[in-house]
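Peer 1: Provided herewith: query_27.txt, compact mmCIF, C-alpha atoms.
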# COMPACT_ATOMS: atom_id res chain seq x y z
CA MET X 1 14.22 6.13 20.11
CA ALA X 2 15.25 9.19 18.10
CA HIS X 3 12.57 11.50 16.76
CA THR X 4 12.50 13.74 13.72
CA THR X 5 10.27 16.43 12.29
CA ILE X 6 8.38 16.00 9.05
CA LYS X 7 7.21 19.20 7.38
CA VAL X 8 3.75 19.06 5.85
CA GLU X 9 1.18 21.66 4.91
CA ASP X 10 -1.13 22.84 7.66
CA THR X 11 -4.09 21.10 6.02
CA VAL X 12 -2.22 17.78 6.04
CA ARG X 13 -1.24 18.22 9.69
CA ASP X 14 -4.83 19.04 10.59
CA ARG X 15 -6.11 15.99 8.71
CA LEU X 16 -3.56 13.74 10.43
CA ALA X 17 -4.55 15.21 13.81
CA ALA X 18 -8.23 14.51 13.12
CA LEU X 19 -7.50 10.93 12.01
CA ALA X 20 -5.29 10.33 15.04
CA ALA X 21 -7.92 11.76 17.39
CA GLU X 22 -10.58 9.45 15.92
CA LYS X 23 -8.33 6.49 16.62
CA GLY X 24 -7.35 7.74 20.06
CA THR X 25 -3.68 7.92 19.14
CA SER X 26 -1.02 10.46 18.21
CA ILE X 27 0.03 11.67 14.79
CA ALA X 28 3.41 10.00 15.37
CA GLN X 29 1.75 6.65 16.08
CA LEU X 30 -0.58 7.08 13.11
CA VAL X 31 2.36 7.70 10.77
CA SER X 32 4.32 4.81 12.32
CA GLU X 33 1.40 2.43 11.78
CA PHE X 34 1.00 3.62 8.19
CA ALA X 35 4.70 3.08 7.47
CA ALA X 36 4.65 -0.38 9.05
CA ARG X 37 1.52 -1.48 7.15
CA THR X 38 2.30 -0.02 3.73
CA PRO X 39 4.55 -2.17 1.57
CA THR X 40 7.16 -0.64 -0.71
CA ALA X 41 7.08 -1.28 -4.45
CA SER X 42 9.77 -3.95 -4.08
CA GLU X 43 7.85 -5.64 -1.23
CA ARG X 44 4.69 -5.66 -3.38
CA ALA X 45 6.64 -7.15 -6.29
CA GLU X 46 8.06 -9.85 -4.00
CA ARG X 47 4.57 -10.70 -2.70
CA THR X 48 3.26 -10.84 -6.25
CA ALA X 49 6.04 -13.22 -7.32
CA ARG X 50 5.36 -15.48 -4.32
CA THR X 51 1.61 -15.46 -5.00
CA LEU X 52 2.10 -16.32 -8.67
CA ALA X 53 4.48 -19.14 -7.73
CA VAL X 54 1.83 -20.61 -5.42
CA LEU X 55 -0.87 -20.23 -8.09
CA ARG X 56 1.33 -21.96 -10.66
CA GLU X 57 2.22 -24.74 -8.23
CA MET X 58 -1.34 -25.35 -7.03
CA SER X 59 -3.34 -24.79 -10.19
CA GLY X 60 -1.00 -24.45 -13.11
CA TYR X 61 -2.17 -20.83 -13.54
CA THR X 62 0.37 -18.80 -15.49
CA PRO X 63 -1.00 -15.40 -16.54
CA THR X 64 0.11 -13.85 -19.79
CA PRO X 65 1.64 -10.38 -19.78
CA GLU X 66 -1.69 -9.10 -21.12
CA GLN X 67 -3.55 -10.71 -18.21
CA ASP X 68 -1.04 -9.18 -15.80
CA ARG X 69 -1.60 -5.72 -17.28
CA ALA X 70 -5.38 -6.17 -17.15
CA ALA X 71 -5.22 -7.27 -13.51
CA ASP X 72 -2.96 -4.31 -12.65
CA ALA X 73 -5.36 -1.92 -14.39
CA GLU X 74 -8.34 -3.39 -12.54
CA LEU X 75 -6.57 -3.13 -9.19
CA ALA X 76 -5.59 0.48 -9.91
CA ARG X 77 -9.19 1.25 -10.88
CA ARG X 78 -10.50 -0.27 -7.67
CA LEU X 79 -7.96 1.61 -5.57
CA GLY X 80 -8.65 4.86 -7.38
CA ASP X 81 -5.07 5.06 -8.62
CA THR X 82 -4.79 7.06 -11.84
CA ALA X 83 -1.05 6.55 -12.24
Can I see the file as structure tokens?

Peer 2:
Amino acid sequence: MAHTTIKVEDTVRDRLAALAAEKGTSIAQLVSEFAARTPTASERAERTARTLAVLREMSGYTPTPEQDRAADAELARRLGDTA
């Protein structure tokens, strides 16, 4: 497998090293696990569409755009996302 270098600030490197040490792994493995576990925006949108299709099929639930926005805002609040 080919390897590459990712440039980050010293504080980020030190934080990654501490997190990796706590897990008994390497920074490379920590970053690999993060990348494998974290869905992209398009993957999240696909999951959302599949979930809504199941909800509609099983319960007839069809959220309005306002309900969608409220749910998105609540999720962002819970995740601490200010974007």

Peer 1: Could you jot down the CA of Thr5 in chain X to CA of Ala28 in chain X separation for me, Å, one decimal place?

Peer 2: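 The value is 9.9 Å.
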
Peer 1: Any idea what the distance is between CA of Met58 in chain X and CA of Ser42 in chain X?

Peer 2: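 Interatomic distance, CA of Met58 in chain X to CA of Ser42 in chain X: 24.3 Å.
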
Peer 1: Skipping near chain neighbours, those fewer than 3 positions away, what residues fall within 12 Å of range 45-52 of chain X using all atoms listed in the file, listed as a PyMOL selection string?

Peer 2: chain X and resi 39-42+55-64+68+71-72

Peer 1: What is the CA of Glu66 in chain X to CA of Gly80 in chain X distance in Å?

Peer 2: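 Between CA of Glu66 in chain X and CA of Gly80 in chain X the gap is 20.8 Å.
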